[in-house]
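Novice: Just one file: input.cif, with mmCIF, C-alpha atoms.
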data_run
#
loop_
_atom_site.label_atom_id
_atom_site.label_comp_id
_atom_site.auth_asym_id
_atom_site.auth_seq_id
_atom_site.Cartn_x
_atom_site.Cartn_y
_atom_site.Cartn_z
CA MET T 1 18.07 6.82 57.18
CA ILE T 2 19.89 7.44 60.44
CA THR T 3 22.14 4.77 62.01
CA ARG T 4 23.88 4.91 65.36
CA ARG T 5 26.92 2.85 66.15
CA ALA T 6 28.79 2.57 69.50
CA ALA T 7 31.96 0.72 70.43
CA THR T 8 32.88 -0.19 74.04
CA GLN T 9 36.14 -1.05 75.68
CA GLY T 10 36.25 -2.40 79.21
CA GLY T 11 32.63 -1.60 79.75
CA SER T 12 33.09 2.12 79.04
CA LEU T 13 31.83 4.02 76.08
CA VAL T 14 34.73 4.78 73.78
CA LYS T 15 33.11 6.38 70.75
CA SER T 16 29.68 7.16 69.47
CA ARG T 17 29.12 8.01 65.85
CA VAL T 18 26.07 9.21 64.06
CA SER T 19 25.97 8.85 60.29
CA MET T 20 23.39 10.23 57.92
CA THR T 21 22.51 8.45 54.66
CA THR T 22 19.84 9.44 52.13
CA LYS T 23 18.08 7.68 49.18
CA PRO T 24 19.12 8.68 45.65
CA ALA T 25 16.73 11.23 44.14
CA TRP T 26 15.43 8.86 41.43
CA ARG T 27 14.17 6.44 44.09
CA LEU T 28 11.99 9.16 45.52
CA TYR T 29 10.42 10.15 42.19
CA TRP T 30 10.19 6.92 40.19
CA PRO T 31 6.65 6.08 41.45
CA LEU T 32 5.47 9.44 40.10
CA VAL T 33 7.18 8.77 36.76
CA VAL T 34 5.52 5.36 36.48
CA MET T 35 2.10 6.84 37.31
CA ALA T 36 2.54 9.56 34.66
CA PHE T 37 3.55 6.98 32.04
CA LEU T 38 0.52 4.82 32.79
CA ALA T 39 -1.75 7.86 32.54
CA VAL T 40 -0.37 8.67 29.08
CA VAL T 41 -0.83 5.08 27.92
CA ALA T 42 -4.42 5.08 29.16
CA TRP T 43 -5.10 8.40 27.36
CA ILE T 44 -3.86 7.29 23.93
CA PRO T 45 -6.93 5.14 23.01
CA TRP T 46 -9.23 8.00 23.99
CA PHE T 47 -7.22 10.39 21.81
CA LEU T 48 -7.31 8.01 18.84
CA GLN T 49 -11.00 7.25 19.20
CA GLY T 50 -12.93 8.74 16.32
CA THR T 51 -9.71 9.69 14.52
CA PHE T 52 -8.43 6.44 13.06
CA PRO T 53 -11.29 4.05 12.22
CA THR T 54 -10.47 0.35 12.17
CA THR T 55 -13.25 -0.18 9.65
CA ILE T 56 -13.13 1.58 6.27
CA VAL T 57 -16.48 2.18 4.56
CA ASP T 58 -16.19 3.95 1.21
CA HIS T 59 -17.77 4.02 -2.24
CA VAL T 60 -16.36 1.15 -4.28
CA ARG T 61 -17.98 1.13 -7.71
CA ILE T 62 -19.98 3.26 -10.17
CA THR T 63 -21.85 1.78 -13.15
CA PRO T 64 -24.03 3.75 -15.58
CA THR T 65 -27.63 2.59 -15.96
CA GLY T 66 -27.33 3.16 -19.69
CA LEU T 67 -25.01 4.41 -22.43
CA PRO T 68 -24.54 6.99 -23.76
CA MET T 69 -24.55 8.82 -20.48
CA PHE T 70 -26.25 11.89 -21.96
CA ALA T 71 -29.21 12.00 -24.31
CA PRO T 72 -31.94 14.62 -24.78
CA ASN T 73 -35.30 14.13 -23.09
CA ARG T 74 -34.15 11.52 -20.61
CA THR T 75 -32.36 11.27 -17.29
CA SER T 76 -28.81 10.04 -16.70
CA GLY T 77 -28.46 7.38 -14.02
CA LEU T 78 -25.80 5.62 -12.00
CA ASN T 79 -25.70 2.56 -9.78
CA VAL T 80 -23.52 3.61 -6.83
CA TYR T 81 -22.00 0.99 -4.53
CA ILE T 82 -20.45 1.45 -1.10
CA GLY T 83 -18.67 -1.25 0.86
CA ASN T 84 -16.80 -2.26 3.98
CA ARG T 85 -13.29 -2.39 2.54
CA SER T 86 -11.61 -3.77 5.66
CA GLY T 87 -12.07 -4.25 9.35
CA PRO T 88 -14.77 -5.41 11.76
CA LEU T 89 -18.50 -4.92 11.38
CA ALA T 90 -19.63 -1.43 10.38
CA GLN T 91 -22.81 -0.62 12.29
CA ASP T 92 -25.58 1.91 11.74
CA VAL T 93 -24.37 2.68 8.21
CA ARG T 94 -26.37 5.65 6.86
CA TRP T 95 -25.56 7.14 3.50
CA ARG T 96 -26.79 9.51 0.84
CA THR T 97 -25.55 10.42 -2.63
CA ARG T 98 -26.49 12.69 -5.52
CA LEU T 99 -25.74 13.40 -9.16
CA ALA T 100 -25.27 17.15 -9.35
CA LEU T 101 -25.37 19.20 -12.55
CA VAL T 102 -23.19 22.29 -12.08
CA PRO T 103 -22.29 25.11 -14.51
CA ALA T 104 -18.58 25.32 -15.29
CA MET T 105 -16.73 27.45 -12.75
CA SER T 106 -13.46 27.10 -10.90
CA SER T 107 -12.97 23.62 -9.49
CA GLU T 108 -13.40 24.82 -5.91
CA MET T 109 -16.62 26.71 -6.66
CA SER T 110 -18.07 23.87 -8.76
CA GLU T 111 -17.38 21.32 -6.04
CA ARG T 112 -18.91 23.56 -3.41
CA ALA T 113 -22.05 23.98 -5.54
CA ALA T 114 -22.30 20.21 -6.06
CA TRP T 115 -21.88 19.57 -2.33
CA GLU T 116 -24.60 22.06 -1.50
CA GLN T 117 -27.03 20.06 -3.66
CA LEU T 118 -26.34 17.01 -1.50
CA GLU T 119 -27.74 18.79 1.56
CA SER T 120 -31.30 18.37 0.24
CA VAL T 121 -30.94 14.55 0.02
CA SER T 122 -32.14 12.34 2.88
CA TYR T 123 -30.07 9.48 4.30
CA LEU T 124 -31.12 5.91 3.56
CA PRO T 125 -32.28 3.84 6.57
CA PRO T 126 -29.36 2.50 8.65
CA THR T 127 -27.92 -0.95 8.04
CA ASP T 128 -24.87 -3.00 9.06
CA LEU T 129 -22.04 -3.99 6.72
CA GLY T 130 -19.72 -6.86 7.50
CA GLU T 131 -16.24 -7.07 6.01
CA SER T 132 -16.32 -7.04 2.17
CA ARG T 133 -20.10 -6.52 2.15
CA THR T 134 -21.63 -3.86 -0.11
CA ALA T 135 -24.78 -1.79 -0.48
CA TRP T 136 -26.02 0.09 -3.53
CA GLN T 137 -28.63 2.47 -4.84
CA THR T 138 -29.61 3.97 -8.20
CA ILE T 139 -29.58 7.75 -8.55
CA ARG T 140 -30.59 9.93 -11.51
CA THR T 141 -30.28 13.46 -12.79
CA ARG T 142 -33.26 15.54 -13.76
CA GLN T 143 -34.43 15.13 -17.35
CA LEU T 144 -31.86 16.60 -19.71
CA GLY T 145 -32.65 18.94 -22.59
CA SER T 146 -30.73 19.28 -25.84
CA ARG T 147 -28.88 22.31 -24.49
CA ASP T 148 -27.90 20.40 -21.33
CA VAL T 149 -26.41 17.60 -23.41
CA GLU T 150 -24.43 20.05 -25.55
CA ASP T 151 -23.12 21.88 -22.48
CA LEU T 152 -22.10 18.65 -20.74
CA LYS T 153 -20.21 17.35 -23.78
CA ALA T 154 -18.52 20.72 -24.35
CA GLY T 155 -17.50 21.15 -20.68
CA ARG T 156 -19.75 24.16 -20.07
CA MET T 157 -21.58 22.07 -17.46
CA HIS T 158 -20.17 19.36 -15.19
CA LEU T 159 -21.71 16.22 -13.70
CA TYR T 160 -20.60 15.49 -10.13
CA LEU T 161 -21.18 12.44 -7.98
CA VAL T 162 -21.16 13.46 -4.31
CA GLY T 163 -21.93 11.36 -1.27
CA GLN T 164 -21.71 11.05 2.49
CA ILE T 165 -21.53 7.91 4.67
CA GLN T 166 -21.90 7.81 8.44
CA TYR T 167 -21.18 4.66 10.43
CA ARG T 168 -19.90 3.26 13.71
CA ASP T 169 -17.12 0.77 14.49
CA ASN T 170 -15.27 -0.30 17.65
CA THR T 171 -13.43 3.04 17.84
CA GLY T 172 -16.50 5.29 17.61
CA ARG T 173 -18.48 7.14 14.94
CA HIS T 174 -16.99 8.06 11.56
CA GLU T 175 -17.88 9.82 8.35
CA THR T 176 -16.78 9.25 4.76
CA GLN T 177 -17.16 11.94 2.11
CA PHE T 178 -16.68 11.24 -1.59
CA CYS T 179 -16.77 13.50 -4.62
CA GLN T 180 -15.97 12.78 -8.28
CA LYS T 181 -16.50 14.58 -11.58
CA LEU T 182 -17.31 12.85 -14.86
CA GLN T 183 -14.63 13.45 -17.43
CA GLU T 184 -15.85 15.25 -20.55
CA PRO T 185 -17.29 14.51 -23.03
CA GLY T 186 -18.93 11.87 -20.84
CA ASP T 187 -19.12 9.07 -23.39
CA LEU T 188 -16.92 6.89 -21.15
CA ASN T 189 -17.40 5.99 -17.49
CA ILE T 190 -14.28 7.90 -16.35
CA TRP T 191 -14.45 9.91 -13.13
CA ASN T 192 -11.85 12.22 -11.61
CA LEU T 193 -11.47 12.87 -7.91
CA CYS T 194 -12.48 16.27 -6.59
CA ILE T 195 -9.98 18.52 -4.83
CA GLN T 196 -12.03 18.37 -1.62
CA HIS T 197 -14.62 16.10 0.02
CA ASN T 198 -12.69 12.82 -0.26
CA THR T 199 -12.03 12.04 3.38
CA ILE T 200 -12.58 9.34 5.99
CA ARG T 201 -12.52 10.52 9.60
#
Please express what this file holds, its structure, as structure tokens.
Specialist:
Amino acid sequence: MITRRAATQGGSLVKSRVSMTTKPAWRLYWPLVVMAFLAVVAWIPWFLQGTFPTTIVDHVRITPTGLPMFAPNRTSGLNVYIGNRSGPLAQDVRWRTRLALVPAMSSEMSERAAWEQLESVSYLPPTDLGESRTAWQTIRTRQLGSRDVEDLKAGRMHLYLVGQIQYRDNTGRHETQFCQKLQEPGDLNIWNLCIQHNTIR
């Protein structure tokens, strides 16, 4: 800002002074800083969308259809339950699951082989799950022979439960993967988590 001041004495101009003053630098740039801050705040929900679901849909319970789990000349079955553990309504919930018989290999290779068997399974028709609501289905292995039963009890073959859930909440679309292995010799309903394929995203 420029200001001009003049003093007079006896009607004549005595002195004229011109002074220059400027705004501090922060006053010039603070609108830009505020605009940048607001842009970051507006971007955060978009960044979080699809990354942190507010609704958690996961498998919640496994119950055998009969005991012992393994017997010659019959199938082994499980009732598998999924549920909305917390949060708002889960919409368009589609899920599939499988009992996979896999020869004993390294954990990583066995889990990969079990997961590949899931790819041939179709999703169930979509449904909605409110908070604390569950859905379930019964799945079975192929018919087991005497050799299968011996291998499963001895740990030469493993039984995996693998599954995939897709759903939508108020932050976008999400997917849950779950994978567990029955603990040998399989006479108890004890399942151990896989190294991979246990995620919610």
Novice: So what do you get for atom CA of Gln164 of chain T versus atom CA of Trp95 of chain T, distance-wise?
Specialist: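 Result for atom CA of Gln164 of chain T versus atom CA of Trp95 of chain T: 5.6 Å, one decimal.
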Novice: So the first atom is atom CA of Thr176 of chain T and the second is atom CA of Val102 of chain T; what is the distance between them in Å, to one decimal place?
Specialist: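 Atom CA of Val102 of chain T lies at a distance of 22.2 Å from atom CA of Thr176 of chain T.
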Novice: Please determine an axis-aligned box that encloses all atoms of segment 118-135 of chain T listed in the file, with 8 Å added on each side, and express its centre and edge lengths in Å to one decimal as JSON.
Specialist:
{"center_x": -24.3, "center_y": 5.9, "center_z": 3.8, "size_x": 32.0, "size_y": 41.9, "size_z": 26.6}
Novice: Name the residues in contact with Leu118 of chain T at a cut-off of 7 Å, using all atoms listed in the file, excluding same-chain residues fewer than 6 positions from it; report them as a ChimeraX atom specification.
Specialist: /T:97-98,162
Novice: Evaluate the PyMOL selection byres ((chain T and resi 135) around 9) here and jot the selected residues down as a compact mmCIF listing (two decimals) with C-alpha atoms, in the frame of the given file.
Specialist:
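Here's the written file result_19.txt:
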# COMPACT_ATOMS: atom_id res chain seq x y z
CA VAL T 80 -23.52 3.61 -6.83
CA TYR T 81 -22.00 0.99 -4.53
CA ILE T 82 -20.45 1.45 -1.10
CA GLY T 83 -18.67 -1.25 0.86
CA LEU T 129 -22.04 -3.99 6.72
CA ARG T 133 -20.10 -6.52 2.15
CA THR T 134 -21.63 -3.86 -0.11
CA TRP T 136 -26.02 0.09 -3.53
CA GLN T 137 -28.63 2.47 -4.84
Novice: May I have the protein, DNA and RNA residues with an atom at most 7 Å from (-14.6, 11.9, 9.7), counting only C-alpha atoms in the file's coordinates, returned as a PyMOL selection string?
Specialist: chain T and resi 174-176+199-201
Novice: How many Å lie between atom CA of Leu152 of chain T and atom CA of Glu184 of chain T, rounded to one decimal?
Specialist: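 Atom-to-atom, atom CA of Leu152 of chain T to atom CA of Glu184 of chain T, that is 7.1 Å.
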Novice: Give me the residues within 6 Å of Gln91 of chain T as a VMD selection string, counting only C-alpha atoms and dropping any in the same chain fewer than 4 places off.
Specialist: chain T and resid 128 167 to 168
Novice: Using all atoms listed in the file, find the one residue out of T:Lys153, T:Ala100, T:Leu67, T:Asn189 that sits nearest to Glu116 of chain T.
Specialist: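 Closest to Glu116 of chain T, using all atoms listed in the file: T:Ala100.
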Novice: Find the residues of segment 124-161 of chain T that sit at most 10 Å from segment 105-108 of chain T; for each, write down the nearest two atoms and how far apart they are in Å, to one decimal. Count all atoms listed in the file. Sort by chain, then by number going up, and give it as JSON lines.
Specialist:
{"residue": "T:Arg156", "atom": "CA", "partner": "T:Met105", "partner_atom": "CA", "distance": 8.6}
{"residue": "T:Met157", "atom": "CA", "partner": "T:Met105", "partner_atom": "CA", "distance": 8.6}
{"residue": "T:His158", "atom": "CA", "partner": "T:Met105", "partner_atom": "CA", "distance": 9.1}
Novice: Return the single residue from T:Pro53, T:Pro185, T:Gly163, T:Gly66 that is closest to Trp115 of chain T, with distances computed using only C-alpha atoms.
Specialist: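 Distance minimum relative to Trp115 of chain T lands on T:Gly163.
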Novice: Between T:Leu101, T:Ala114, T:Ile139, T:Leu159, which residue has the minimum interatomic distance to Thr63 of chain T, considering only C-alpha atoms?
Specialist: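 Closest to Thr63 of chain T, using only C-alpha atoms: T:Ile139.
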Novice: Hey, which of T:Thr138, T:Asn192, T:Ser122, T:Thr127 ends up closest to Asp92 of chain T? Count only C-alpha atoms.
Specialist: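 Among the listed residues, T:Thr127 lies closest to Asp92 of chain T.
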Novice: Apply the PyMOL selection byres ((chain T and resi 76) around 6) to the displayed file and report the matching residues as a VMD selection string.
Specialist: chain T and resid 69 75 77 140 to 141
Novice: Hey, what comes out of the PyMOL selection byres ((chain T and resi 84-88) around 7) on this file? Could you write it as a PyMOL selection string?
Specialist: chain T and resi 54-58+83+89-90+129-134
Novice: From the set T:Arg173, T:Thr65, T:Ser110, T:Ala71, which residue has the shortest atom-to-atom contact distance to Arg147 of chain T, counting only C-alpha atoms?
Specialist: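 Distance minimum relative to Arg147 of chain T lands on T:Ala71.
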Novice: Using all atoms listed in the file for the distances, tell me which of T:Lys181, T:Ile62, T:Gln143, T:Arg94 is nearest to Asn79 of chain T.
Specialist: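 Counting all atoms listed in the file, the residue closest to Asn79 of chain T is T:Ile62.
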